[in-house]
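Trainee: One structure follows; several queries about it will come next.
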Amino acid sequence: MAKTNGAGTNGAAASGTPGTFLEAIKQAMFEEMERDPAVVLIGEDVGVYGGAFKTSEGLLERFGWERVIDTPISESAIIGAACGMSYLGLRPIVEMQFIDFIVCAFNQITNFVAKGHYLWNAPAPMVVRGPSGGGVHGGPFHSANPEMYFVHTPGLKVIYPSTPYDAKGLLKAAVRDNNPVLFFEHKFLYRRIKGEVPAGDYTLPIGKAVVRREGKHLTILSYAAMLHTSLEAAEALAKEGIEAEVIDLRTLLPLDEETILNSVKKTNKCLVVHEDTKTGGIAGEIAAILCEKAFGDLDGPLMRVTSLDTPVPYAPTLEEYFLPNAKKVFSAAKELARY
Amino acid sequence: MKKELTREQYLDLYYYMRLNRAVEDMMVKLFRQNKIVGGLYSSLGQEAISVGTAYALEKKDWLAPMIRNIGALLVKGVRPRDVFMQHMAKYDSPTKGKDGTSHFGDLDNLHIVSPISMLGDLIPVMTGVAMAGRYLGQKIVAMTWIGDGGSSTGVFHEGLNFAAVQKAPFVLILENNLWAYSTPVRKQVPLENLADRAKAYGIDSYIVDGNDVVAVFSTAKEAVERARAGEGPILIEAKSFRRMGHAQHDPAEYVPKEMRAYWEARDPIALYEKFLTGEKLLDAKGRKEIEERINTLLAEERDFAENSPMPPPEFAETGVYCTGDDCHKIRAKWERPIAEVTPPRSSVEAVWTVPGFGSGKGSGGAHAPIHFGDTPPAEERSASERKPANTGKPAMKVTTKTASKKTVKTPAASASRKARR
């Protein structure tokens, strides 16, 4: 037996409070595989190596070769095979080594996996998860936020958590969901964020946003790494007497319209902050929803702070310019508060 | 055709081929009456492939049809009314009007996975089905089909390669009907035999006359048994010809007349009737009985289909998501002890074993660097082997298996290769 079989370091026996985002992911997978032998993990280098970010470290040792499957570099084959497995009642967790590579399996996900239930009554209970997002100088092909390609695809669910607690609870919920769920893990948060991660079993509802900070002057909607940026900006705004309500969307599909509308009807102003690029980002969709359902409640224009409409550049100077930051959020919020 | 099946099997194959053709003939009529909503694709002349391959499967096995595999669906137990209603977009069809043609499946009973129009996607999906079946101890085989055209997709490669690596119990039927829409196979693939694709994945393949249903069945049966026994995936190239256009709208004027005439003279049903008559397995009376049985069945099935309503418009908005246990109870069917895949029995040491490494002849044994697994070290190689590299340039150091293959040429071999050019 190898030195770590997961029980001590990853398992339910470990008290994971406080834990990193990465540990939360690892715990969720460990506990789900422990709970249900129908749960298997499949992806590139997830076994012996334990995943490029070590999120699956120890899983092969504990669950064996049949349940932790190292694959060739074939994203379409990985997603396709996971889909086939799900048809026999398995619940595969697919790791995309970097979520950027998910687009190699775009057809498999959007045409095969997503449409099965609607067209021929075939649920595909599978999770596709992987590290996403920028800010770590990964360059144009290791920093993507491709969530909106999939938010535009009926039949999928899209989760993008911002805290270790949510990551564990939502990943476990995703594994148990009967639908294909895409689960984005912002790699900037993997080791930088620590938070409460209860050791035991718990799930969080998919499709529910949460108010992270209450406020009355404006609503800031955000998710993933930008949630933390937004909270930082909210602190600075508070010092100037502007109380921003910060909401963590957590799930982008389905979007929690109720929480969004309740907040905006209270504050009458809305700023959306996302790391995804501007055109076609979730902010546009939220703007449309507010126009349809809360037009009379708005005292100012919907504003957005997003990445630039460019690929993610490599050089730190370029990437910092490309990404939103607390300063940009602060200025936009101040401008919006003036209405 | 060789005689090796039971009488019942021979007649089953005949019945299903006739049924396949009759179902499609009836759909051509329905199409001309404007009762078919979308396109209609024909497998005329390819019935022996659909029927012969699917007939090699057991009830518990899984299949995923392509557009021209109505025959495989019928063999697996799909009712003709379901095929009619799918094409007519009726509410009682398997997809309740949400999709057409052979695009439907049945996870619970018939074990059929629905295809999508993007070719090749079924290959990894059925690989996953095969892997899951093995994991659950079900001893199933998964089968799907691909055309000569579809064999050029990226996912064909990814899927078959992965199936091969996994040694998945999976059988892929490559239906070479010589045409991908209007493009002849020579413009798609630079191979005489598409079965050669299997070599790239290190798997076994067969080539079979796709118009000989007994040969198709026997080959498929052997492949299915080998896959079930754990020998890994197998590719079968069935050579045939697409007698109709890509779909009803396409008169296929691009097909040379001689080619069509050649294949029309080799109609799989006519060939099989001749065989059955010769073997005294079928006479005029028996043939008439089968025809009447099919005619009666299809008249009923067509009536049922025609009487089925269109789906109500608002039905379009339903069913995008599974709502949970009330919608689908998803439970894996275990046919092996769960203890085998749960700790502590499942626990392993997380290290790669590299079979053959260190045991190669002259490899330097256990101390050999990994790439030299079975390559003789330089000093053991004969002088003649090193000669070709010695062409005025500094002697090339042969370091890998591939490189050594390239440089190890006898003068005679080089000469004959040149002569052939």
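Following the order of the structure tokens, chains are lettered A, B, ..., residues in each are numbered from 1, and ligands are numbered from 1.
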Would you give me, as a VMD selection string, the residues of chain B that come within 7 Å of chain A, using only C-alpha atoms?
Mentor: chain B and resid 94 to 95 98 to 99 104 to 105 107 116 121 124 to 129 131 to 132 135 155 158 to 159 162 319 to 322 324 330 to 332 341 to 343 346 to 351
Trainee: I'd like the contact shell of Gly19 in chain A - 9 Å cut-off, only C-alpha atoms, skipping same-chain residues fewer than 6 positions apart - returned as a PyMOL selection string.
Mentor: chain A and resi 164-165+193-198
Trainee: Show which residues sit within 12 Å of range 281-284 of chain B, as a ChimeraX atom specification. Count only C-alpha atoms, and ignore same-chain residues fewer than 5 positions away.
Mentor: /B:3,5-12,14-15,272-276,289-291
Trainee: Fewer than 6 positions away in the same chain doesn't count, so skip those; otherwise give me all residues within 9 Å of range 199-211 of chain A, counting only C-alpha atoms, as a PyMOL selection string.
Mentor: chain A and resi 11-17+27-28+31-32+157-159+166+168-174+177+245-260+263
Trainee: Any idea what's packed within 9 Å of Arg197 in chain B, counting only C-alpha atoms, ignoring anything in its chain fewer than 5 positions away? Could you give it as an MDAnalysis selection string?
Mentor: chainID B and resid 151 191 205 235
Trainee: Can those selected residues be exported to a file as an mmCIF file, in the first residue's frame so that it contains N, CA and C atoms?
Mentor:
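Writing the result to again-v7.cif gives the following:
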data_model
loop_
_atom_site.group_PDB
_atom_site.id
_atom_site.type_symbol
_atom_site.label_atom_id
_atom_site.label_comp_id
_atom_site.auth_asym_id
_atom_site.auth_seq_id
_atom_site.Cartn_x
_atom_site.Cartn_y
_atom_site.Cartn_z
ATOM 1 N N SER B 151 -15.651 7.629 -40.931
ATOM 2 C CA SER B 151 -14.380 7.118 -40.407
ATOM 3 C C SER B 151 -13.268 8.153 -40.508
ATOM 4 N N LEU B 191 -6.940 4.555 -48.587
ATOM 5 C CA LEU B 191 -6.720 3.151 -48.250
ATOM 6 C C LEU B 191 -7.571 2.275 -49.161
ATOM 7 N N SER B 205 -9.151 -6.682 -37.024
ATOM 8 C CA SER B 205 -10.229 -6.280 -37.921
ATOM 9 C C SER B 205 -10.579 -7.428 -38.861
ATOM 10 N N LEU B 235 -12.833 -4.218 -35.217
ATOM 11 C CA LEU B 235 -13.402 -3.441 -36.323
ATOM 12 C C LEU B 235 -13.762 -4.397 -37.454
#
Trainee: If I take CA of Ser93 in chain B and CA of Ala56 in chain B, how far is one from the other in Å, to one decimal?
Mentor: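 So the answer is 26.6 Å.
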Trainee: What's the 12 Å shell around Thr267 in chain A, counting only C-alpha atoms, without same-chain residues fewer than 6 positions away, as a list in words?
Mentor: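 Here the answer would be Glu214, Gly215, Lys216, His217, Leu218, Thr219, Ile220, Ile242, Glu243, Ala244, Glu245, Val246, Ile260, Leu261, Ala294, Asp297, Leu298, Asp299, Gly300, Leu336, Ala337 and Tyr339 of chain A.
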Trainee: Output C-alpha atoms for every residue in the selection just made, as a PDB file, in the first residue's frame.
Mentor:
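Writing done, so here's part.pdb:
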ATOM      1  CA  GLU A 214     -25.858  43.084   2.609  1.00  0.00           C
ATOM      2  CA  GLY A 215     -26.202  46.635   1.416  1.00  0.00           C
ATOM      3  CA  LYS A 216     -28.753  49.158   0.269  1.00  0.00           C
ATOM      4  CA  HIS A 217     -27.163  51.482  -2.291  1.00  0.00           C
ATOM      5  CA  LEU A 218     -26.431  49.102  -5.128  1.00  0.00           C
ATOM      6  CA  THR A 219     -26.230  45.416  -5.964  1.00  0.00           C
ATOM      7  CA  ILE A 220     -23.024  43.816  -7.182  1.00  0.00           C
ATOM      8  CA  ILE A 242     -21.693  53.372  -0.168  1.00  0.00           C
ATOM      9  CA  GLU A 243     -23.208  50.126   1.038  1.00  0.00           C
ATOM     10  CA  ALA A 244     -23.023  47.581  -1.759  1.00  0.00           C
ATOM     11  CA  GLU A 245     -24.987  44.353  -1.585  1.00  0.00           C
ATOM     12  CA  VAL A 246     -22.749  41.645  -2.983  1.00  0.00           C
ATOM     13  CA  ILE A 260     -31.149  38.817  -8.229  1.00  0.00           C
ATOM     14  CA  LEU A 261     -34.526  40.514  -8.599  1.00  0.00           C
ATOM     15  CA  ALA A 294     -37.473  45.016 -13.031  1.00  0.00           C
ATOM     16  CA  ASP A 297     -37.165  49.471 -10.339  1.00  0.00           C
ATOM     17  CA  LEU A 298     -33.921  50.603 -11.937  1.00  0.00           C
ATOM     18  CA  ASP A 299     -32.606  54.019 -10.982  1.00  0.00           C
ATOM     19  CA  GLY A 300     -29.500  53.704 -13.129  1.00  0.00           C
ATOM     20  CA  LEU A 336     -23.383  53.891 -10.544  1.00  0.00           C
ATOM     21  CA  ALA A 337     -24.073  55.075  -6.985  1.00  0.00           C
ATOM     22  CA  TYR A 339     -27.467  57.980 -10.165  1.00  0.00           C
TER      23      TYR A 339
END
